[in-house]
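J.: My structure file coords-v8.txt, compact mmCIF, C-alpha atoms and all ligand atoms, is below:
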```
# COMPACT_ATOMS: atom_id res chain seq x y z
CA MET A 1 106.72 98.74 135.79
CA ILE A 2 105.28 95.30 135.02
CA VAL A 3 101.48 95.27 134.92
CA LEU A 4 99.31 92.15 134.91
CA GLY A 5 96.24 92.81 132.75
CA ILE A 6 93.02 90.81 133.06
CA GLU A 7 90.08 90.88 130.64
CA THR A 8 86.78 88.98 131.08
CA SER A 9 84.16 91.38 129.67
CA CYS A 10 82.65 89.05 127.05
CA ASP A 11 83.63 85.62 125.76
CA GLU A 12 87.42 85.75 126.04
CA THR A 13 89.34 85.07 129.25
CA ALA A 14 92.64 86.89 128.85
CA ALA A 15 95.72 87.71 130.91
CA ALA A 16 98.87 89.54 129.86
CA LEU A 17 102.08 90.94 131.30
CA VAL A 18 103.16 94.27 129.83
CA ARG A 19 106.21 96.37 130.72
CA ASP A 20 105.83 100.16 130.86
CA GLY A 21 102.61 100.15 128.82
CA ASN A 22 104.38 99.28 125.56
CA THR A 23 106.25 95.97 125.70
CA ILE A 24 104.25 92.74 125.74
CA LEU A 25 106.01 90.06 127.82
CA SER A 26 103.15 87.60 127.36
CA SER A 27 99.53 87.66 126.22
CA VAL A 28 97.21 84.69 126.65
CA VAL A 29 93.67 84.61 125.28
CA SER A 30 91.37 81.69 125.97
CA SER A 31 88.35 81.92 123.70
CA GLN A 32 84.93 80.53 124.52
CA VAL A 33 83.70 80.86 120.94
CA ALA A 34 83.19 77.10 120.66
CA ASP A 35 81.01 77.09 123.81
CA HIS A 36 78.66 79.75 122.43
CA HIS A 37 78.75 78.74 118.78
CA VAL A 38 75.68 76.48 118.92
CA TYR A 39 73.59 79.33 120.37
CA GLY A 40 74.55 81.81 117.62
CA GLY A 41 75.75 84.38 120.16
CA VAL A 42 77.25 84.80 123.63
CA VAL A 43 75.17 83.35 126.50
CA PRO A 44 76.04 85.50 129.56
CA GLU A 45 75.57 82.77 132.19
CA ILE A 46 77.79 80.33 130.28
CA ALA A 47 80.39 83.07 129.75
CA ALA A 48 80.63 83.75 133.51
CA ARG A 49 81.01 80.04 134.35
CA LYS A 50 83.71 79.57 131.72
CA HIS A 51 85.64 82.63 132.97
CA LEU A 52 85.60 81.16 136.47
CA GLU A 53 87.14 77.92 135.20
CA ALA A 54 89.71 79.69 133.02
CA VAL A 55 90.92 82.74 134.93
CA VAL A 56 93.52 81.06 137.20
CA PRO A 57 95.03 78.80 134.47
CA VAL A 58 95.18 81.76 132.06
CA VAL A 59 97.03 83.96 134.58
CA ARG A 60 99.43 81.07 135.34
CA ALA A 61 100.03 80.64 131.59
CA ALA A 62 100.78 84.37 131.19
CA LEU A 63 103.35 84.21 134.01
CA SER A 64 104.96 81.08 132.65
CA ASP A 65 105.10 82.43 129.05
CA ALA A 66 106.86 85.55 130.34
CA GLY A 67 109.18 83.50 132.56
CA LEU A 68 108.07 85.53 135.59
CA ASP A 69 106.84 84.83 139.14
CA MET A 70 103.99 86.47 141.01
CA GLU A 71 106.54 88.58 142.91
CA ASP A 72 107.59 90.26 139.64
CA ILE A 73 104.17 91.87 139.14
CA ASP A 74 104.19 95.54 140.19
CA ALA A 75 100.53 96.39 139.58
CA LEU A 76 97.31 95.02 138.18
CA ALA A 77 94.81 96.35 135.62
CA VAL A 78 91.43 94.76 135.03
CA THR A 79 88.45 95.48 132.77
CA GLN A 80 85.73 97.15 134.86
CA GLY A 81 83.18 97.72 132.06
CA PRO A 82 81.33 97.96 129.77
CA GLY A 83 80.47 94.30 129.21
CA LEU A 84 78.47 91.42 130.66
CA VAL A 85 78.22 92.01 134.40
CA GLY A 86 78.53 88.35 135.40
CA ALA A 87 81.55 87.92 133.15
CA LEU A 88 83.23 91.16 134.30
CA LEU A 89 82.75 90.20 137.96
CA ILE A 90 84.95 87.13 137.60
CA GLY A 91 88.01 89.07 136.42
CA PHE A 92 87.28 92.03 138.72
CA SER A 93 86.94 89.88 141.85
CA PHE A 94 90.07 87.93 140.92
CA ALA A 95 91.98 91.20 140.52
CA LYS A 96 90.78 92.57 143.85
CA ALA A 97 91.79 89.40 145.69
CA PHE A 98 95.15 89.19 143.92
CA ALA A 99 96.05 92.83 144.54
CA TYR A 100 94.88 92.69 148.16
CA ALA A 101 96.83 89.51 148.89
CA ARG A 102 100.01 90.87 147.29
CA ASN A 103 99.46 94.43 148.49
CA ILE A 104 100.06 95.98 145.06
CA PRO A 105 98.19 98.86 143.36
CA TRP A 106 95.40 98.01 140.94
CA VAL A 107 93.09 99.90 138.64
CA GLY A 108 89.80 99.15 136.86
CA VAL A 109 90.01 99.94 133.14
CA ASN A 110 87.32 100.91 130.65
CA HIS A 111 87.27 98.24 127.93
CA LEU A 112 87.01 100.86 125.15
CA GLU A 113 90.02 102.67 126.56
CA GLY A 114 91.83 99.33 126.33
CA HIS A 115 91.01 99.05 122.63
CA ILE A 116 92.11 102.66 122.00
CA THR A 117 95.42 102.00 123.81
CA SER A 118 96.08 98.87 121.71
CA ALA A 119 97.48 101.26 119.07
CA PHE A 120 100.45 101.83 121.42
CA LEU A 121 101.51 98.18 121.48
CA SER A 122 103.19 98.27 118.07
CA GLU A 123 106.49 99.74 117.02
CA SER A 124 105.15 102.92 115.47
CA THR A 125 102.79 104.68 117.86
CA PRO A 126 100.44 107.60 117.18
CA GLY A 127 101.44 111.11 118.20
CA PHE A 128 98.85 113.12 120.20
CA PRO A 129 96.40 114.45 119.33
CA TYR A 130 95.14 111.90 116.83
CA VAL A 131 91.84 110.45 115.63
CA ALA A 132 90.78 106.88 116.50
CA LEU A 133 88.10 104.77 114.89
CA LEU A 134 86.87 102.16 117.37
CA VAL A 135 84.93 99.34 115.72
CA SER A 136 83.94 96.31 117.80
CA GLY A 137 81.03 94.01 118.53
CA GLY A 138 79.46 96.53 120.90
CA HIS A 139 80.79 99.93 119.77
CA THR A 140 81.37 102.08 116.71
CA SER A 141 82.81 105.50 117.47
CA ILE A 142 85.28 108.13 116.38
CA TYR A 143 87.40 109.83 119.05
CA HIS A 144 89.74 112.77 119.06
CA VAL A 145 92.39 111.35 121.39
CA LEU A 146 94.21 114.10 123.28
CA SER A 147 96.40 112.07 125.64
CA HIS A 148 96.54 108.67 127.31
CA THR A 149 93.90 109.78 129.75
CA GLU A 150 91.74 112.20 127.76
CA CYS A 151 89.64 111.94 124.62
CA GLU A 152 86.66 113.58 122.97
CA LEU A 153 83.82 111.67 121.31
CA MET A 154 83.28 112.97 117.75
CA GLY A 155 80.54 110.55 116.70
CA GLN A 156 79.12 107.10 117.22
CA THR A 157 76.56 104.66 115.90
CA ARG A 158 72.91 105.51 116.37
CA ASP A 159 71.85 101.86 116.25
CA ASP A 160 73.94 98.72 115.68
CA ALA A 161 77.69 98.45 116.14
CA VAL A 162 79.64 97.40 113.05
CA GLY A 163 80.69 94.03 114.51
CA GLU A 164 77.10 93.42 115.56
CA ALA A 165 75.94 94.10 111.97
CA TYR A 166 78.54 91.62 110.63
CA ASP A 167 77.34 89.02 113.14
CA LYS A 168 73.66 89.60 112.33
CA VAL A 169 74.17 89.49 108.56
CA SER A 170 76.18 86.29 108.95
CA LYS A 171 73.32 84.81 110.97
CA MET A 172 70.77 85.87 108.32
CA LEU A 173 72.86 84.09 105.70
CA ASP A 174 73.25 81.00 107.94
CA LEU A 175 77.03 81.36 107.90
CA GLY A 176 77.77 81.03 111.62
CA TYR A 177 79.07 83.05 114.58
CA PRO A 178 81.03 85.25 115.00
CA GLY A 179 80.35 86.57 111.53
CA GLY A 180 83.12 89.14 110.98
CA LYS A 181 85.89 86.83 109.87
CA ILE A 182 83.46 84.60 107.91
CA ILE A 183 82.11 87.52 105.85
CA ASP A 184 85.59 89.01 105.45
CA ASP A 185 86.87 85.72 103.96
CA LEU A 186 83.79 85.16 101.80
CA ALA A 187 83.90 88.71 100.42
CA ARG A 188 87.34 88.11 98.89
CA ARG A 189 85.65 85.88 96.30
CA GLY A 190 82.79 88.31 95.63
CA ASP A 191 82.20 91.35 93.44
CA ALA A 192 81.59 94.35 95.72
CA ALA A 193 79.75 96.23 92.97
CA ALA A 194 77.45 93.38 91.91
CA ILE A 195 74.69 94.16 94.41
CA PRO A 196 74.34 97.88 95.22
CA PHE A 197 73.65 98.14 98.96
CA PRO A 198 72.94 101.62 100.41
CA ARG A 199 75.56 103.83 102.14
CA ALA A 200 74.35 105.39 105.38
CA TRP A 201 76.14 108.74 105.19
CA LEU A 202 73.58 110.48 107.44
CA ASP A 203 74.69 114.09 107.35
CA LYS A 204 78.09 113.94 105.59
CA SER A 205 79.58 116.36 108.07
CA SER A 206 78.44 114.25 111.02
CA TYR A 207 80.61 111.49 112.46
CA ASP A 208 77.63 109.40 113.50
CA PHE A 209 76.90 106.04 111.93
CA SER A 210 73.80 103.96 111.26
CA LEU A 211 73.91 100.28 110.35
CA SER A 212 70.26 99.26 110.67
CA GLY A 213 69.23 100.38 107.14
CA LEU A 214 72.03 98.36 105.55
CA LYS A 215 71.12 95.33 107.66
CA SER A 216 67.47 95.65 106.51
CA ALA A 217 68.62 95.98 102.88
CA VAL A 218 70.46 92.66 103.16
CA ARG A 219 67.34 91.13 104.76
CA ARG A 220 65.20 92.43 101.87
CA TYR A 221 67.64 91.09 99.29
CA ILE A 222 67.44 87.63 100.90
CA ASP A 223 63.63 87.74 101.01
CA ASP A 224 63.32 88.93 97.39
CA HIS A 225 65.84 86.46 95.92
CA PRO A 226 65.10 82.78 96.55
CA ASP A 227 68.42 81.94 94.85
CA TYR A 228 70.41 84.22 97.19
CA ALA A 229 72.48 81.26 98.45
CA ASP A 230 74.19 81.14 95.03
CA ARG A 231 75.40 84.72 95.49
CA LEU A 232 76.84 84.64 99.01
CA PRO A 233 80.29 86.06 98.09
CA ASP A 234 78.66 89.00 96.24
CA ILE A 235 76.29 89.71 99.14
CA ALA A 236 79.21 89.57 101.61
CA ALA A 237 81.39 91.82 99.43
CA GLY A 238 78.57 94.31 98.77
CA PHE A 239 77.64 94.56 102.46
CA GLN A 240 81.29 94.93 103.47
CA GLU A 241 82.03 97.59 100.88
CA SER A 242 79.10 99.69 102.10
CA VAL A 243 80.40 99.49 105.69
CA VAL A 244 84.05 100.11 104.83
CA GLU A 245 83.40 103.05 102.50
CA VAL A 246 81.48 105.01 105.15
CA LEU A 247 83.88 104.17 108.01
CA THR A 248 86.92 105.14 105.95
CA TYR A 249 85.42 108.37 104.67
CA LYS A 250 84.36 109.57 108.14
CA LEU A 251 87.67 108.63 109.78
CA ILE A 252 89.75 110.51 107.20
CA HIS A 253 87.38 113.46 107.26
CA ALA A 254 87.58 113.66 111.07
CA ALA A 255 91.39 113.66 110.99
CA ARG A 256 91.40 116.41 108.40
CA GLU A 257 88.90 118.51 110.32
CA LYS A 258 91.02 118.22 113.49
CA GLY A 259 94.27 118.80 111.57
CA CYS A 260 95.74 115.52 112.87
CA ARG A 261 98.59 113.67 111.14
CA ASP A 262 97.91 110.33 112.84
CA ILE A 263 94.90 108.01 112.78
CA SER A 264 94.21 104.60 114.28
CA VAL A 265 91.70 101.82 113.77
CA VAL A 266 91.10 99.57 116.79
CA GLY A 267 88.64 96.94 118.07
CA GLY A 268 87.63 93.50 116.78
CA VAL A 269 86.54 94.80 113.34
CA ALA A 270 89.98 96.42 112.85
CA ALA A 271 91.02 92.85 111.95
CA ASN A 272 88.95 93.22 108.76
CA SER A 273 91.22 92.91 105.72
CA ARG A 274 89.19 95.24 103.49
CA LEU A 275 88.96 97.96 106.16
CA ARG A 276 92.73 97.76 106.84
CA PHE A 277 93.46 98.07 103.12
CA ALA A 278 90.97 100.87 102.41
CA VAL A 279 92.05 103.03 105.38
CA THR A 280 95.75 102.57 104.62
CA GLU A 281 95.27 103.37 100.95
CA LYS A 282 93.09 106.45 101.48
CA ALA A 283 95.27 107.76 104.32
CA SER A 284 98.37 107.66 102.15
CA ARG A 285 96.61 109.89 99.63
CA TYR A 286 96.12 112.52 102.35
CA GLY A 287 99.56 112.10 103.94
CA LEU A 288 98.14 110.62 107.14
CA ARG A 289 100.03 108.05 109.24
CA VAL A 290 97.94 104.97 110.01
CA HIS A 291 98.21 102.82 113.14
CA ILE A 292 96.32 99.54 113.13
CA PRO A 293 97.35 96.92 115.70
CA PRO A 294 98.29 93.42 114.50
CA VAL A 295 95.22 91.20 114.15
CA SER A 296 96.06 89.40 117.42
CA LEU A 297 95.57 92.68 119.32
CA CYS A 298 92.37 93.80 117.55
CA GLY A 299 90.04 91.34 119.27
CA ASP A 300 89.64 91.29 123.02
CA ASN A 301 92.91 90.74 124.85
CA ALA A 302 94.50 91.67 128.16
CA ALA A 303 97.67 93.34 126.82
CA MET A 304 95.59 96.39 125.86
CA ILE A 305 94.05 96.44 129.36
CA ALA A 306 97.49 96.26 130.99
CA ALA A 307 98.74 99.09 128.73
CA ALA A 308 95.74 101.32 129.45
CA GLY A 309 96.04 100.50 133.17
CA PHE A 310 99.71 101.47 133.14
CA HIS A 311 98.85 104.99 131.94
CA GLN A 312 96.03 105.32 134.47
CA LEU A 313 98.35 104.25 137.29
CA GLU A 314 101.00 106.69 136.05
CA SER A 315 98.42 109.47 136.27
CA GLY A 316 97.78 108.53 139.89
CA ARG A 317 94.49 106.65 139.57
CA ARG A 318 93.85 103.68 141.88
CA SER A 319 90.82 101.46 142.41
CA ASP A 320 89.65 100.30 145.82
CA LEU A 321 87.87 97.26 147.26
CA PRO A 322 84.34 98.80 147.31
CA ASP A 323 84.53 99.58 143.55
CA ASP A 324 82.19 97.64 141.28
CA VAL A 325 81.86 96.67 137.62
CA TYR A 326 79.51 98.48 135.19
CA SER A 327 77.64 97.04 132.23
CA ARG A 328 77.33 100.05 129.91
CA ALA A 329 77.54 103.74 129.20
CA LYS A 330 80.64 104.81 131.12
CA THR A 331 82.80 106.69 128.69
CA PRO A 332 86.54 106.22 128.27
CA MET A 333 89.32 108.55 129.38
CA GLY A 334 87.31 111.21 131.13
CA GLN A 335 85.77 111.69 127.72
CA LYS A 336 84.23 115.02 126.78
CA HIS A 337 81.51 115.45 124.18
CA ARG A 338 82.26 118.17 121.69
O1 LIG A 401 86.55 93.91 120.07
P1 LIG A 401 85.88 92.60 119.99
O2 LIG A 401 86.74 91.36 120.03
O3 LIG A 401 84.80 92.45 121.10
C1 LIG A 401 84.04 93.54 121.54
O4 LIG A 401 84.54 94.32 122.37
O5 LIG A 401 82.92 93.67 121.01
O6 LIG A 401 85.02 92.61 118.63
C2 LIG A 401 84.29 91.49 118.23
C3 LIG A 401 83.63 91.79 116.89
C4 LIG A 401 82.66 90.69 116.46
O7 LIG A 401 81.42 91.31 116.13
C5 LIG A 401 83.33 90.10 115.23
O8 LIG A 401 82.40 89.60 114.26
C6 LIG A 401 84.12 91.26 114.69
O9 LIG A 401 84.61 91.89 115.86
N1 LIG A 401 85.23 90.85 113.82
C7 LIG A 401 85.34 91.19 112.52
C8 LIG A 401 86.48 90.53 112.00
N2 LIG A 401 87.05 89.83 113.03
C9 LIG A 401 86.26 90.03 114.13
N3 LIG A 401 84.54 91.96 111.75
C10 LIG A 401 84.90 92.11 110.46
N4 LIG A 401 85.97 91.50 109.90
C11 LIG A 401 86.79 90.72 110.62
N5 LIG A 401 87.84 90.14 110.06
ZN ZN A 402 86.31 94.52 122.74
```
Once you've parsed the file, please lay out its structure as structure tokens.

T.:
Amino acid sequence: MIVLGIETSCDETAAALVRDGNTILSSVVSSQVADHHVYGGVVPEIAARKHLEAVVPVVRAALSDAGLDMEDIDALAVTQGPGLVGALLIGFSFAKAFAYARNIPWVGVNHLEGHITSAFLSESTPGFPYVALLVSGGHTSIYHVLSHTECELMGQTRDDAVGEAYDKVSKMLDLGYPGGKIIDDLARRGDAAAIPFPRAWLDKSSYDFSLSGLKSAVRRYIDDHPDYADRLPDIAAGFQESVVEVLTYKLIHAAREKGCRDISVVGGVAANSRLRFAVTEKASRYGLRVHIPPVSLCGDNAAMIAAAGFHQLESGRRSDLPDDVYSRAKTPMGQKHR
């Protein structure tokens, strides 16, 4: 089954064609980063307008890259939420019209479920049940993933998401937006132990996270050190090490508690070089198999939406014309709290 995936939840307009939920035939991502850069963050109204301009050309590009025609598409999957409502509506309305006109099944997909499913777009895929760490600009959570359509939330951030903390720290240091890649690159030249930033363990047996204390510690360091601009690589490396150490510890601990052999790291921050290294290294010590998508599939893309949609469609789910987008709080995969 060939599924057309569409993603417009934030500042990327994306379309992809995926066969049977595991083989990417094409994946096109048109980023609006340059349009939002001057504002230091995503401006929802601008995002919606840019999606409207981009959605048809991006779908055409996905078809042409795959060498396919509209008639070859069997079903459609589109991000329904969470995200910016105005932005989501562009992709969602496009999907409704497309599916109605072609009379094919379609399904609205939870964006987080898309990220979780991105682990199935590589050659080695996790075996169920496994533990997933989802780290993005809006979310930081650990899930016990039971199947393609069922997962259990083990813990999540109590304040900022990890990507959000990277972006805010980058803004504090006047380094630009989005901050994740900038800090990641800068940290390579720094000494992670030079400036001791705090680790927010909370209760060590809890899988919850807190990023606000670390963010305030960076703020305090900047305020107390007028020469901080000379130490940017050390600040970046120290901040990053504090984040990565806690994320890695809790992910491995969760997998061990659940007795899982497989773990995954997904979402925009899964592109982080230090996190990829630390998780892989620590997992090998405990005999765990690690699944981290290639960097191109960590950030927002439509291949992950098509893959997640495929599994939903297989399980019999369908969306209908009266369905609407949602901005927040819906949980992925019929998620259960433990
Ligand atoms: O998943 P994503 O593309 O969008 C959301 O669903 O939020 O994640 C975007 C986030 C941004 O906060 C960005 O700064 C962060 O991912 N990010 C990174 C890296 N690349 C992107 N954070 C740390 N290191 C990176 N290399
Ligand atoms: Zn995302």

J.: Neighbours of ligand ZN 402 (chain A) within 12 Å, counting all atoms listed in the file, as a ChimeraX atom specification?

T.: /A:7-14,79,81-84,110-118,134-140,161,163-164,266-271,297-302,304-305

J.: Between A:Val107, A:Val59, A:Val244, A:Ile235, which has the minimum distance to ligand LIG 401 (chain A) (counting all atoms listed in the file)?

T.: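 For ligand LIG 401 (chain A), the nearest of the candidates is A:Val244.
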
J.: Give as a PyMOL selection string the set of residues within 8 Å of the point (91.1, 109.0, 121.7), where distances use the file's coordinates and all atoms listed in the file.

T.: chain A and resi 116+129-132+142-148+150-153+333

J.: Padding 8 Å on every side, please: axis-aligned box over the listed atoms of ligand LIG 401 (chain A), centre and edge lengths to one decimal in Å, as JSON.

T.:
```
{"center_x": 84.6, "center_y": 92.0, "center_z": 116.1, "size_x": 22.4, "size_y": 20.7, "size_z": 28.5}
```

J.: What is the distance between CA of Ala87 (chain A) and CA of Leu17 (chain A), in Å to one decimal?

T.: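 About the pair CA of Ala87 (chain A) and CA of Leu17 (chain A): they are 20.8 Å apart.
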
J.: Could you tell me how far CA of Ser122 (chain A) sits from CA of Asp74 (chain A), in Å to one decimal place?

T.: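 For CA of Asp74 (chain A) relative to CA of Ser122 (chain A), the distance reads 22.3 Å.
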
J.: In Å, with one decimal, what is the gap from CA of Gly155 (chain A) to CA of Leu88 (chain A)?

T.: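 Separation between CA of Gly155 (chain A) and CA of Leu88 (chain A): 26.3 Å.
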
J.: My list of candidates is A:Ala306, A:Ile183, A:Val243, A:Ala255. Which is closest to ligand LIG 401 (chain A) when distances are computed with all atoms listed in the file?

T.: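 Of A:Ala306, A:Ile183, A:Val243, A:Ala255, the one nearest ligand LIG 401 (chain A) is A:Ile183, counting all atoms listed in the file.
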
J.: Nearest to ligand LIG 401 (chain A) among A:Pro57, A:Gly40, A:Gly316, A:Gly213, with distances taken over all atoms listed in the file: which residue is it?

T.: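 Comparing A:Pro57, A:Gly40, A:Gly316, A:Gly213 against ligand LIG 401 (chain A), the winner is A:Gly40.
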
J.: May I have the residues within 7 Å of region 89-103 of chain A as a ChimeraX atom specification, using all atoms listed in the file and disregarding those fewer than 6 positions away in the same chain?

T.: /A:6-8,48,51-52,76,78-80,321,325

J.: Can you spit out the residues from that selection as a tab-separated table (two decimals), keeping the file's coordinate frame, using C-alpha atoms?

T.:
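As written to disk, selection-v9.tsv reads:
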```
chain	number	residue	atom	x	y	z
A	6	ILE	CA	93.02	90.81	133.06
A	7	GLU	CA	90.08	90.88	130.64
A	8	THR	CA	86.78	88.98	131.08
A	48	ALA	CA	80.63	83.75	133.51
A	51	HIS	CA	85.64	82.63	132.97
A	52	LEU	CA	85.60	81.16	136.47
A	76	LEU	CA	97.31	95.02	138.18
A	78	VAL	CA	91.43	94.76	135.03
A	79	THR	CA	88.45	95.48	132.77
A	80	GLN	CA	85.73	97.15	134.86
A	321	LEU	CA	87.87	97.26	147.26
A	325	VAL	CA	81.86	96.67	137.62
```

J.: Could you list, as a list in words, every residue within 9 Å of Pro233 (chain A), counting all atoms listed in the file and ignoring same-chain residues fewer than 4 positions away?

T.: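 So the residues in contact are Ile183, Asp185, Leu186, Ala187, Arg188, Arg189, Gly190, Asp191, Ala192, Ala237 and Gly238 of chain A.
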